[in-house]
$ cat entry.pdb   # PDB, N, CA and C atoms
ATOM      1  N   MET A   1      -7.387  -2.774  16.145
ATOM      2  CA  MET A   1      -6.855  -1.844  15.183
ATOM      3  C   MET A   1      -7.295  -2.250  13.775
ATOM      4  N   ALA A   2      -6.869  -1.493  12.796
ATOM      5  CA  ALA A   2      -7.333  -1.704  11.427
ATOM      6  C   ALA A   2      -6.159  -1.865  10.474
ATOM      7  N   ILE A   3      -6.487  -2.359   9.294
ATOM      8  CA  ILE A   3      -5.545  -2.434   8.194
ATOM      9  C   ILE A   3      -5.969  -1.346   7.214
ATOM     10  N   HIS A   4      -5.089  -0.395   6.981
ATOM     11  CA  HIS A   4      -5.387   0.743   6.116
ATOM     12  C   HIS A   4      -4.647   0.587   4.796
ATOM     13  N   TYR A   5      -5.351   0.838   3.695
ATOM     14  CA  TYR A   5      -4.750   0.805   2.371
ATOM     15  C   TYR A   5      -4.569   2.237   1.892
ATOM     16  N   VAL A   6      -3.326   2.588   1.505
ATOM     17  CA  VAL A   6      -2.975   3.941   1.091
ATOM     18  C   VAL A   6      -2.174   3.847  -0.209
ATOM     19  N   CYS A   7      -2.442   4.769  -1.138
ATOM     20  CA  CYS A   7      -1.676   4.801  -2.383
ATOM     21  C   CYS A   7      -0.254   5.271  -2.080
ATOM     22  N   ARG A   8       0.712   4.530  -2.544
ATOM     23  CA  ARG A   8       2.116   4.850  -2.291
ATOM     24  C   ARG A   8       2.578   6.095  -3.029
ATOM     25  N   HIS A   9       1.844   6.522  -4.044
ATOM     26  CA  HIS A   9       2.253   7.666  -4.849
ATOM     27  C   HIS A   9       1.561   8.961  -4.436
ATOM     28  N   CYS A  10       0.225   8.951  -4.394
ATOM     29  CA  CYS A  10      -0.523  10.176  -4.088
ATOM     30  C   CYS A  10      -1.003  10.240  -2.644
ATOM     31  N   ARG A  11      -0.775   9.174  -1.896
ATOM     32  CA  ARG A  11      -1.109   9.099  -0.469
ATOM     33  C   ARG A  11      -2.618   9.134  -0.182
ATOM     34  N   THR A  12      -3.433   8.836  -1.183
ATOM     35  CA  THR A  12      -4.883   8.776  -0.996
ATOM     36  C   THR A  12      -5.227   7.544  -0.165
ATOM     37  N   VAL A  13      -6.091   7.724   0.829
ATOM     38  CA  VAL A  13      -6.563   6.590   1.625
ATOM     39  C   VAL A  13      -7.607   5.860   0.789
ATOM     40  N   LEU A  14      -7.353   4.587   0.534
ATOM     41  CA  LEU A  14      -8.229   3.804  -0.330
ATOM     42  C   LEU A  14      -9.252   2.991   0.445
ATOM     43  N   GLY A  15      -8.986   2.763   1.715
ATOM     44  CA  GLY A  15      -9.942   2.016   2.526
ATOM     45  C   GLY A  15      -9.296   1.427   3.754
ATOM     46  N   SER A  16     -10.137   0.923   4.635
ATOM     47  CA  SER A  16      -9.675   0.287   5.871
ATOM     48  C   SER A  16     -10.522  -0.940   6.145
ATOM     49  N   ILE A  17      -9.893  -1.908   6.776
ATOM     50  CA  ILE A  17     -10.579  -3.138   7.162
ATOM     51  C   ILE A  17     -10.290  -3.352   8.639
ATOM     52  N   PRO A  18     -11.318  -3.625   9.453
ATOM     53  CA  PRO A  18     -11.037  -3.943  10.855
ATOM     54  C   PRO A  18     -10.141  -5.183  10.928
ATOM     55  N   ARG A  19      -9.103  -5.083  11.694
ATOM     56  CA  ARG A  19      -8.134  -6.178  11.756
ATOM     57  C   ARG A  19      -8.769  -7.456  12.286
ATOM     58  N   SER A  20      -9.801  -7.312  13.103
ATOM     59  CA  SER A  20     -10.480  -8.490  13.646
ATOM     60  C   SER A  20     -11.265  -9.241  12.568
ATOM     61  N   ALA A  21     -11.569  -8.569  11.453
ATOM     62  CA  ALA A  21     -12.366  -9.186  10.386
ATOM     63  C   ALA A  21     -11.535 -10.087   9.475
ATOM     64  N   VAL A  22     -10.244  -9.817   9.341
ATOM     65  CA  VAL A  22      -9.392 -10.589   8.441
ATOM     66  C   VAL A  22      -8.011 -10.772   9.052
ATOM     67  N   SER A  23      -7.280 -11.684   8.475
ATOM     68  CA  SER A  23      -5.898 -11.904   8.907
ATOM     69  C   SER A  23      -4.961 -11.608   7.741
ATOM     70  N   GLU A  24      -3.682 -11.474   8.053
ATOM     71  CA  GLU A  24      -2.693 -11.266   6.988
ATOM     72  C   GLU A  24      -2.708 -12.449   6.023
ATOM     73  N   MET A  25      -3.008 -13.618   6.541
ATOM     74  CA  MET A  25      -3.073 -14.827   5.713
ATOM     75  C   MET A  25      -4.212 -14.707   4.694
ATOM     76  N   LYS A  26      -5.382 -14.261   5.125
ATOM     77  CA  LYS A  26      -6.522 -14.116   4.211
ATOM     78  C   LYS A  26      -6.271 -13.039   3.155
ATOM     79  N   LEU A  27      -5.508 -12.008   3.513
ATOM     80  CA  LEU A  27      -5.204 -10.938   2.571
ATOM     81  C   LEU A  27      -4.057 -11.297   1.634
ATOM     82  N   GLY A  28      -3.364 -12.393   1.916
ATOM     83  CA  GLY A  28      -2.254 -12.815   1.072
ATOM     84  C   GLY A  28      -0.935 -12.152   1.417
ATOM     85  N   LEU A  29      -0.905 -11.404   2.511
ATOM     86  CA  LEU A  29       0.319 -10.703   2.883
ATOM     87  C   LEU A  29       1.421 -11.664   3.336
ATOM     88  N   HIS A  30       1.037 -12.856   3.756
ATOM     89  CA  HIS A  30       2.015 -13.845   4.204
ATOM     90  C   HIS A  30       2.925 -14.321   3.065
ATOM     91  N   SER A  31       2.480 -14.158   1.818
ATOM     92  CA  SER A  31       3.256 -14.653   0.682
ATOM     93  C   SER A  31       4.327 -13.672   0.207
ATOM     94  N   LEU A  32       4.382 -12.488   0.813
ATOM     95  CA  LEU A  32       5.391 -11.500   0.432
ATOM     96  C   LEU A  32       6.767 -11.890   0.961
ATOM     97  N   THR A  33       7.791 -11.546   0.218
ATOM     98  CA  THR A  33       9.155 -11.763   0.702
ATOM     99  C   THR A  33       9.452 -10.732   1.789
ATOM    100  N   PRO A  34      10.489 -10.947   2.597
ATOM    101  CA  PRO A  34      10.838  -9.950   3.621
ATOM    102  C   PRO A  34      11.084  -8.559   3.030
ATOM    103  N   ALA A  35      11.728  -8.479   1.882
ATOM    104  CA  ALA A  35      11.978  -7.175   1.240
ATOM    105  C   ALA A  35      10.666  -6.528   0.802
ATOM    106  N   GLU A  36       9.759  -7.311   0.234
ATOM    107  CA  GLU A  36       8.457  -6.783  -0.176
ATOM    108  C   GLU A  36       7.664  -6.303   1.034
ATOM    109  N   ARG A  37       7.721  -7.062   2.120
ATOM    110  CA  ARG A  37       7.013  -6.668   3.351
ATOM    111  C   ARG A  37       7.514  -5.321   3.854
ATOM    112  N   ARG A  38       8.832  -5.127   3.851
ATOM    113  CA  ARG A  38       9.397  -3.846   4.309
ATOM    114  C   ARG A  38       8.945  -2.699   3.416
ATOM    115  N   ASP A  39       8.810  -2.963   2.134
ATOM    116  CA  ASP A  39       8.430  -1.929   1.172
ATOM    117  C   ASP A  39       6.937  -1.629   1.193
ATOM    118  N   ILE A  40       6.118  -2.626   1.446
ATOM    119  CA  ILE A  40       4.675  -2.500   1.289
ATOM    120  C   ILE A  40       3.930  -2.295   2.607
ATOM    121  N   ILE A  41       4.388  -2.907   3.687
ATOM    122  CA  ILE A  41       3.642  -2.910   4.946
ATOM    123  C   ILE A  41       4.361  -2.088   6.003
ATOM    124  N   ALA A  42       3.581  -1.253   6.713
ATOM    125  CA  ALA A  42       4.120  -0.491   7.846
ATOM    126  C   ALA A  42       3.231  -0.753   9.056
ATOM    127  N   TYR A  43       3.853  -0.962  10.201
ATOM    128  CA  TYR A  43       3.136  -1.203  11.447
ATOM    129  C   TYR A  43       3.296   0.020  12.344
ATOM    130  N   ASP A  44       2.197   0.449  12.982
ATOM    131  CA  ASP A  44       2.332   1.572  13.905
ATOM    132  C   ASP A  44       2.364   1.062  15.344
ATOM    133  N   SER A  45       2.655   1.956  16.275
ATOM    134  CA  SER A  45       2.827   1.580  17.673
ATOM    135  C   SER A  45       1.529   1.137  18.346
ATOM    136  N   GLU A  46       0.402   1.458  17.749
ATOM    137  CA  GLU A  46      -0.894   1.084  18.323
ATOM    138  C   GLU A  46      -1.424  -0.237  17.760
ATOM    139  N   GLY A  47      -0.657  -0.890  16.910
ATOM    140  CA  GLY A  47      -1.067  -2.165  16.344
ATOM    141  C   GLY A  47      -1.748  -2.077  14.993
ATOM    142  N   GLY A  48      -1.822  -0.894  14.423
ATOM    143  CA  GLY A  48      -2.425  -0.737  13.104
ATOM    144  C   GLY A  48      -1.437  -1.108  12.010
ATOM    145  N   ILE A  49      -1.969  -1.430  10.859
ATOM    146  CA  ILE A  49      -1.146  -1.803   9.714
ATOM    147  C   ILE A  49      -1.517  -0.888   8.550
ATOM    148  N   THR A  50      -0.510  -0.378   7.856
ATOM    149  CA  THR A  50      -0.732   0.385   6.632
ATOM    150  C   THR A  50      -0.111  -0.391   5.489
ATOM    151  N   VAL A  51      -0.908  -0.635   4.454
ATOM    152  CA  VAL A  51      -0.453  -1.349   3.267
ATOM    153  C   VAL A  51      -0.392  -0.345   2.125
ATOM    154  N   LYS A  52       0.797  -0.193   1.553
ATOM    155  CA  LYS A  52       0.983   0.758   0.459
ATOM    156  C   LYS A  52       0.759   0.047  -0.872
ATOM    157  N   VAL A  53      -0.235   0.537  -1.618
ATOM    158  CA  VAL A  53      -0.578  -0.008  -2.928
ATOM    159  C   VAL A  53      -0.603   1.143  -3.931
ATOM    160  N   THR A  54      -0.946   0.873  -5.170
ATOM    161  CA  THR A  54      -1.064   1.922  -6.181
ATOM    162  C   THR A  54      -2.526   2.040  -6.586
ATOM    163  N   CYS A  55      -3.086   3.248  -6.466
ATOM    164  CA  CYS A  55      -4.492   3.465  -6.832
ATOM    165  C   CYS A  55      -4.633   3.427  -8.361
ATOM    166  N   ASP A  56      -5.864   3.321  -8.821
ATOM    167  CA  ASP A  56      -6.128   3.243 -10.255
ATOM    168  C   ASP A  56      -5.643   4.489 -10.996
ATOM    169  N   TYR A  57      -5.850   5.655 -10.406
ATOM    170  CA  TYR A  57      -5.427   6.904 -11.043
ATOM    171  C   TYR A  57      -3.913   6.902 -11.273
ATOM    172  N   CYS A  58      -3.153   6.569 -10.234
ATOM    173  CA  CYS A  58      -1.689   6.581 -10.353
ATOM    174  C   CYS A  58      -1.205   5.468 -11.274
ATOM    175  N   LYS A  59      -1.860   4.322 -11.226
ATOM    176  CA  LYS A  59      -1.490   3.219 -12.115
ATOM    177  C   LYS A  59      -1.631   3.649 -13.575
ATOM    178  N   GLU A  60      -2.748   4.298 -13.887
ATOM    179  CA  GLU A  60      -2.982   4.756 -15.255
ATOM    180  C   GLU A  60      -1.961   5.830 -15.649
ATOM    181  N   ALA A  61      -1.696   6.763 -14.740
ATOM    182  CA  ALA A  61      -0.726   7.824 -15.031
ATOM    183  C   ALA A  61       0.652   7.240 -15.296
ATOM    184  N   LEU A  62       1.049   6.241 -14.521
ATOM    185  CA  LEU A  62       2.360   5.607 -14.708
ATOM    186  C   LEU A  62       2.416   4.784 -15.998
ATOM    187  N   GLU A  63       1.292   4.179 -16.376
ATOM    188  CA  GLU A  63       1.259   3.413 -17.621
ATOM    189  C   GLU A  63       1.428   4.326 -18.832
ATOM    190  N   TYR A  64       0.790   5.483 -18.805
ATOM    191  CA  TYR A  64       0.863   6.416 -19.925
ATOM    192  C   TYR A  64       2.109   7.288 -19.909
ATOM    193  N   ASN A  65       2.735   7.406 -18.751
ATOM    194  CA  ASN A  65       3.942   8.230 -18.596
ATOM    195  C   ASN A  65       4.977   7.460 -17.794
ATOM    196  N   PRO A  66       5.562   6.410 -18.360
ATOM    197  CA  PRO A  66       6.480   5.553 -17.608
ATOM    198  C   PRO A  66       7.693   6.293 -17.045
ATOM    199  N   GLU A  67       8.035   7.427 -17.624
ATOM    200  CA  GLU A  67       9.195   8.182 -17.123
ATOM    201  C   GLU A  67       8.932   8.700 -15.705
ATOM    202  N   LEU A  68       7.675   8.788 -15.288
ATOM    203  CA  LEU A  68       7.356   9.225 -13.932
ATOM    204  C   LEU A  68       7.911   8.265 -12.883
ATOM    205  N   SER A  69       8.050   7.007 -13.237
ATOM    206  CA  SER A  69       8.561   6.025 -12.278
ATOM    207  C   SER A  69      10.013   6.275 -11.891
ATOM    208  N   LEU A  70      10.704   7.128 -12.637
ATOM    209  CA  LEU A  70      12.092   7.462 -12.309
ATOM    210  C   LEU A  70      12.194   8.495 -11.199
ATOM    211  N   LEU A  71      11.087   9.179 -10.898
ATOM    212  CA  LEU A  71      11.078  10.194  -9.845
ATOM    213  C   LEU A  71      10.767   9.579  -8.494
ATOM    214  N   ALA A  72      11.292  10.167  -7.432
ATOM    215  CA  ALA A  72      11.053   9.635  -6.089
ATOM    216  C   ALA A  72       9.581   9.724  -5.698
ATOM    217  N   ASN A  73       8.942  10.848  -5.945
ATOM    218  CA  ASN A  73       7.525  11.033  -5.640
ATOM    219  C   ASN A  73       6.833  11.638  -6.869
ATOM    220  N   PRO A  74       6.504  10.816  -7.836
ATOM    221  CA  PRO A  74       6.031  11.328  -9.109
ATOM    222  C   PRO A  74       4.640  11.961  -9.099
ATOM    223  N   LEU A  75       3.766  11.530  -8.229
ATOM    224  CA  LEU A  75       2.372  11.954  -8.341
ATOM    225  C   LEU A  75       1.843  12.555  -7.042
ATOM    226  N   GLN A  76       2.598  13.414  -6.430
ATOM    227  CA  GLN A  76       2.138  14.026  -5.182
ATOM    228  C   GLN A  76       1.131  15.082  -5.451
TER     229      GLN A  76
END
$ encode --input "entry.pdb" --output "structure tokens"
Amino acid sequence: MAIHYVCRHCRTVLGSIPRSAVSEMKLGLHSLTPAERRDIIAYDSEGGITVKVTCDYCKEALEYNPELSLLANPLQ
């Protein structure tokens, strides 16, 4: 299976890495707290992993419009 990176705000797929190529340790995911893991990482029934990050577009939009962070889904 693969590790998929998806923007948590606009849901854009940012990329995928074959899981056989890297480990959670190499990606630094092991250093997350349990709460951060629940918020950032999702596992599917087929063994795939989805990591929710913020894309550059959404990061810039949130920096210039911080009030957007108060909305549940600000940049859909």
$ closest_atom_pairs --input "entry.pdb" --of "range 2-32 of chain A" --to "range 42-63 of chain A" --cutoff "5 Å" --atoms "all atoms listed in the file" --output "JSON lines"
{"residue": "A:Ala2", "atom": "C", "partner": "A:Ile49", "partner_atom": "N", "distance": 4.2}
{"residue": "A:Ile3", "atom": "CA", "partner": "A:Ile49", "partner_atom": "C", "distance": 4.3}
{"residue": "A:His4", "atom": "N", "partner": "A:Ile49", "partner_atom": "C", "distance": 3.9}
{"residue": "A:Tyr5", "atom": "CA", "partner": "A:Val51", "partner_atom": "C", "distance": 4.5}
{"residue": "A:Val6", "atom": "C", "partner": "A:Val53", "partner_atom": "N", "distance": 4.1}
{"residue": "A:Cys7", "atom": "CA", "partner": "A:Val53", "partner_atom": "C", "distance": 4.1}
{"residue": "A:Arg8", "atom": "N", "partner": "A:Val53", "partner_atom": "C", "distance": 3.9}
$ resolve_selection --input "entry.pdb" --expression "the PyMOL selection byres (((chain A and resi 18-32 and name CA) around 7) and name CA)" --output "list in words"
Met1, Ala2, Ile3, Ser16, Ile17, Thr33, Pro34, Glu36 and Arg37 of chain A
$ select_by_dssp --input "entry.pdb" --residues "chain A" --states "strand (DSSP E or B)" --output "number ranges by chain"
A: 2-7, 13-18, 41-43, 49-53
$ write_last_selection --input "entry.pdb" --atoms "N, CA and C atoms" --output "PDB file, in the frame of the given file"
ATOM      1  N   ALA A   2      -6.869  -1.493  12.796  1.00  0.00           N
ATOM      2  CA  ALA A   2      -7.333  -1.704  11.427  1.00  0.00           C
ATOM      3  C   ALA A   2      -6.159  -1.865  10.474  1.00  0.00           C
ATOM      4  N   ILE A   3      -6.487  -2.359   9.294  1.00  0.00           N
ATOM      5  CA  ILE A   3      -5.545  -2.434   8.194  1.00  0.00           C
ATOM      6  C   ILE A   3      -5.969  -1.346   7.214  1.00  0.00           C
ATOM      7  N   HIS A   4      -5.089  -0.395   6.981  1.00  0.00           N
ATOM      8  CA  HIS A   4      -5.387   0.743   6.116  1.00  0.00           C
ATOM      9  C   HIS A   4      -4.647   0.587   4.796  1.00  0.00           C
ATOM     10  N   TYR A   5      -5.351   0.838   3.695  1.00  0.00           N
ATOM     11  CA  TYR A   5      -4.750   0.805   2.371  1.00  0.00           C
ATOM     12  C   TYR A   5      -4.569   2.237   1.892  1.00  0.00           C
ATOM     13  N   VAL A   6      -3.326   2.588   1.505  1.00  0.00           N
ATOM     14  CA  VAL A   6      -2.975   3.941   1.091  1.00  0.00           C
ATOM     15  C   VAL A   6      -2.174   3.847  -0.209  1.00  0.00           C
ATOM     16  N   CYS A   7      -2.442   4.769  -1.138  1.00  0.00           N
ATOM     17  CA  CYS A   7      -1.676   4.801  -2.383  1.00  0.00           C
ATOM     18  C   CYS A   7      -0.254   5.271  -2.080  1.00  0.00           C
ATOM     19  N   VAL A  13      -6.091   7.724   0.829  1.00  0.00           N
ATOM     20  CA  VAL A  13      -6.563   6.590   1.625  1.00  0.00           C
ATOM     21  C   VAL A  13      -7.607   5.860   0.789  1.00  0.00           C
ATOM     22  N   LEU A  14      -7.353   4.587   0.534  1.00  0.00           N
ATOM     23  CA  LEU A  14      -8.229   3.804  -0.330  1.00  0.00           C
ATOM     24  C   LEU A  14      -9.252   2.991   0.445  1.00  0.00           C
ATOM     25  N   GLY A  15      -8.986   2.763   1.715  1.00  0.00           N
ATOM     26  CA  GLY A  15      -9.942   2.016   2.526  1.00  0.00           C
ATOM     27  C   GLY A  15      -9.296   1.427   3.754  1.00  0.00           C
ATOM     28  N   SER A  16     -10.137   0.923   4.635  1.00  0.00           N
ATOM     29  CA  SER A  16      -9.675   0.287   5.871  1.00  0.00           C
ATOM     30  C   SER A  16     -10.522  -0.940   6.145  1.00  0.00           C
ATOM     31  N   ILE A  17      -9.893  -1.908   6.776  1.00  0.00           N
ATOM     32  CA  ILE A  17     -10.579  -3.138   7.162  1.00  0.00           C
ATOM     33  C   ILE A  17     -10.290  -3.352   8.639  1.00  0.00           C
ATOM     34  N   PRO A  18     -11.318  -3.625   9.453  1.00  0.00           N
ATOM     35  CA  PRO A  18     -11.037  -3.943  10.855  1.00  0.00           C
ATOM     36  C   PRO A  18     -10.141  -5.183  10.928  1.00  0.00           C
ATOM     37  N   ILE A  41       4.388  -2.907   3.687  1.00  0.00           N
ATOM     38  CA  ILE A  41       3.642  -2.910   4.946  1.00  0.00           C
ATOM     39  C   ILE A  41       4.361  -2.088   6.003  1.00  0.00           C
ATOM     40  N   ALA A  42       3.581  -1.253   6.713  1.00  0.00           N
ATOM     41  CA  ALA A  42       4.120  -0.491   7.846  1.00  0.00           C
ATOM     42  C   ALA A  42       3.231  -0.753   9.056  1.00  0.00           C
ATOM     43  N   TYR A  43       3.853  -0.962  10.201  1.00  0.00           N
ATOM     44  CA  TYR A  43       3.136  -1.203  11.447  1.00  0.00           C
ATOM     45  C   TYR A  43       3.296   0.020  12.344  1.00  0.00           C
ATOM     46  N   ILE A  49      -1.969  -1.430  10.859  1.00  0.00           N
ATOM     47  CA  ILE A  49      -1.146  -1.803   9.714  1.00  0.00           C
ATOM     48  C   ILE A  49      -1.517  -0.888   8.550  1.00  0.00           C
ATOM     49  N   THR A  50      -0.510  -0.378   7.856  1.00  0.00           N
ATOM     50  CA  THR A  50      -0.732   0.385   6.632  1.00  0.00           C
ATOM     51  C   THR A  50      -0.111  -0.391   5.489  1.00  0.00           C
ATOM     52  N   VAL A  51      -0.908  -0.635   4.454  1.00  0.00           N
ATOM     53  CA  VAL A  51      -0.453  -1.349   3.267  1.00  0.00           C
ATOM     54  C   VAL A  51      -0.392  -0.345   2.125  1.00  0.00           C
ATOM     55  N   LYS A  52       0.797  -0.193   1.553  1.00  0.00           N
ATOM     56  CA  LYS A  52       0.983   0.758   0.459  1.00  0.00           C
ATOM     57  C   LYS A  52       0.759   0.047  -0.872  1.00  0.00           C
ATOM     58  N   VAL A  53      -0.235   0.537  -1.618  1.00  0.00           N
ATOM     59  CA  VAL A  53      -0.578  -0.008  -2.928  1.00  0.00           C
ATOM     60  C   VAL A  53      -0.603   1.143  -3.931  1.00  0.00           C
TER      61      VAL A  53
END
$ atom_distance --input "entry.pdb" --atom1 "atom N of Arg38 in chain A" --atom2 "atom N of Tyr64 in chain A"
26.3 Å
$ atom_distance --input "entry.pdb" --atom1 "atom N of Asn65 in chain A" --atom2 "atom N of Leu14 in chain A"
21.9 Å
